[in-house]
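Down below is the structure, laid out as structure tokens.
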Amino acid sequence: MVINSVVTGSWFARTKLHLKEYYAFMQSGTSHLPIDPKTLRAAHKKLGLDSVKYDGGTFDFVTARFSDITATYFEDGLMLVTKPVSDLEMDAADLREFYYKRLSPALIHLYSMGTPTLIPSIEHQTKRPLFIVVDAATDEEAAELAARFNEKIHHSARYRDLAVHYCDGLNIIAVGNSPEALKDKILTTLMLSREYEHKLRHFLDAHRHTWEELEKMSAERKLAPSALPDIRSRLLSHQRESLVLRGRLHQMAEYLPIRQKEIDDGGLTEPLSALKIYRFDKLRSATNYIDQLWTMLLDYLASTTDITGFIYQENLQKEIEIQQYIFMLSAIASIIVLGTVSGASILLYDVNGQLLARGGLAAFTFYDLVRFGGSALLVVAIFFLLIKPLYRKIKMTSILGSMTKPDQAPRD
């Protein structure tokens, strides 16, 4: 068994426009966008670029060489990073270090503008896929090779002198004497499949994360009316994130038929199917399933946000009515108090200032003041204390009530 190379890579849905930005960056270490030029130049210098070349095709691609490492970047965002092998473990470690510490940071800086942050707390931190390319390998040799990376082979697929041994974080690919076009297509399609499944897992976990956040809100059975604006703001934030994630999901799905057509037109459907790499129908099915989850969640968020707004307005109107009642009773109490000026007197004078008459106002006695005025104020206080709590708390189940019904909740 001869080990030819180790390969890693990634896939983030891009376009030909992004590829040209990447090519310009590789050539000069700059960007036409207002990104900090010092940061870009430092990232470019750290790459240690030897050469870069732009090629056309069904998918245009850029080939960049960094000493003994080659990075091939396609216009749909698929990237393969390859290193020939002399010492397998060391070369695999060097390849991953190059990707994580040099290439990936450069791409993050280059595409930093206009990129929304998507629920980073649940972003997967798994290692990038690693492919080991060999000329040929028996099952025993492949198993021993996998064990060197603490992996176990759970499936092997073959087509003539080709074989792919599948592990959780590793694939061993025996390429035999196959044409270069087939070897390249095996690597690109397998990387696309692995990365696509990785993204679907992220979207599924993001859906669960969002749902758990809603369940935490639902657990707050009652809340003060003053909390409603915050609740609505959180719901709107989840709604915005969900819309972005669903948009990303649709972007991903756009490239599946193009990649599939390229394979079909090249007559490579049979070998890739036999090697279990031709997974486009399964990927589409999984995409549709997760898209439906997000559609249900978005509908739920939209209706819940509307209900929250309606409840807030209704509660506000009721509080205004309570204040009107309090004002009315306070006015009555004030009138009673004004009429209870006990012992008030009236003095009448002529134009010369001579006292003509002395009299008194017919008013309540002090006892009447306490009895009527005090009673009126007490009624107002009791009315306020009894009525106010009725609108002070709002049941969360009236906002998120359907969450407690599994048959209606949009769970995955």
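Quick note on naming: the chains in the structure tokens go A, B, ... in the order shown, residues restart at 1 in each chain, and ligands are numbered from 1 in order of appearance.
Counting only C-alpha atoms, Ile258 in chain A has the following residues at most 12 Å away, ignoring those fewer than 6 positions along the same chain: Thr58, Phe59, Glu75, Asp76, Thr189, Met252, Asp264, Asp265 and Phe280 of chain A.
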Between A:Ala92, A:Leu200, A:Val7, A:Leu103, which is the closest to Gly48 in chain A once you count only C-alpha atoms?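 Of A:Ala92, A:Leu200, A:Val7, A:Leu103, the one nearest Gly48 in chain A is A:Leu103, counting only C-alpha atoms.
Taking only C-alpha atoms into account, Asp87 in chain A lies nearest to A:Val6 out of the set A:Ala106, A:Leu182, A:Leu17, A:Val6.
Separating CA of Pro179 in chain A from CA of Arg128 in chain A is a distance of 26.6 Å.
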Run DSSP on the backbone and grab whatever in range 26-243 of chain A lands in alpha helix (DSSP H); send it over as number ranges by chain. A: 26-28, 37-47, 88-98, 104-110, 139-147, 180-219, 228-243
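Note that the spacing between CA of Tyr300 in chain A and CA of Thr210 in chain A amounts to 11.7 Å.
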Check the smallest atom-to-atom distance from each of A:Gly176, A:Gly9, A:Gly77, A:Gly169 to Phe98 in chain A using only C-alpha atoms, then report the winner.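 Distance minimum relative to Phe98 in chain A lands on A:Gly9.
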As an exercise, work out the distance from CA of Lys152 in chain A to CA of Met79 in chain A in Å and give it to one decimal place. 25.6 Å
Determine which residues of range 82-273 of chain A DSSP labels as strand (DSSP E) from the backbone of this structure, then write them out as a VMD selection string. chain A and resid 82 to 84 130 to 134 155 to 159 162 to 166 170 to 174 222 to 223
List the neighbours of Arg41 in chain A out to 12 Å using only C-alpha atoms; skip same-chain residues closer than 6 positions along the sequence, and give me the result as a PyMOL selection string. chain A and resi 25-31+35+47-48+106+109-110
Residue among A:Glu270, A:Glu319, A:Asp306, A:Asp350 lying closest to Leu236 in chain A, counting only C-alpha atoms: A:Asp306
If we count only C-alpha atoms, what is near Arg279 in chain A at a cut-off of 12 Å, once residues fewer than 5 positions away on the same chain are taken out, given as a ChimeraX atom specification? /A:189-194,196-197,256-257,259-260,263,269,272-274,284-286
Which is closest to Asn288 in chain A among A:Leu162, A:His250, A:His209, A:Pro84, if we use only C-alpha atoms?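 Checking each candidate against Asn288 in chain A, we get A:His250 as the closest.
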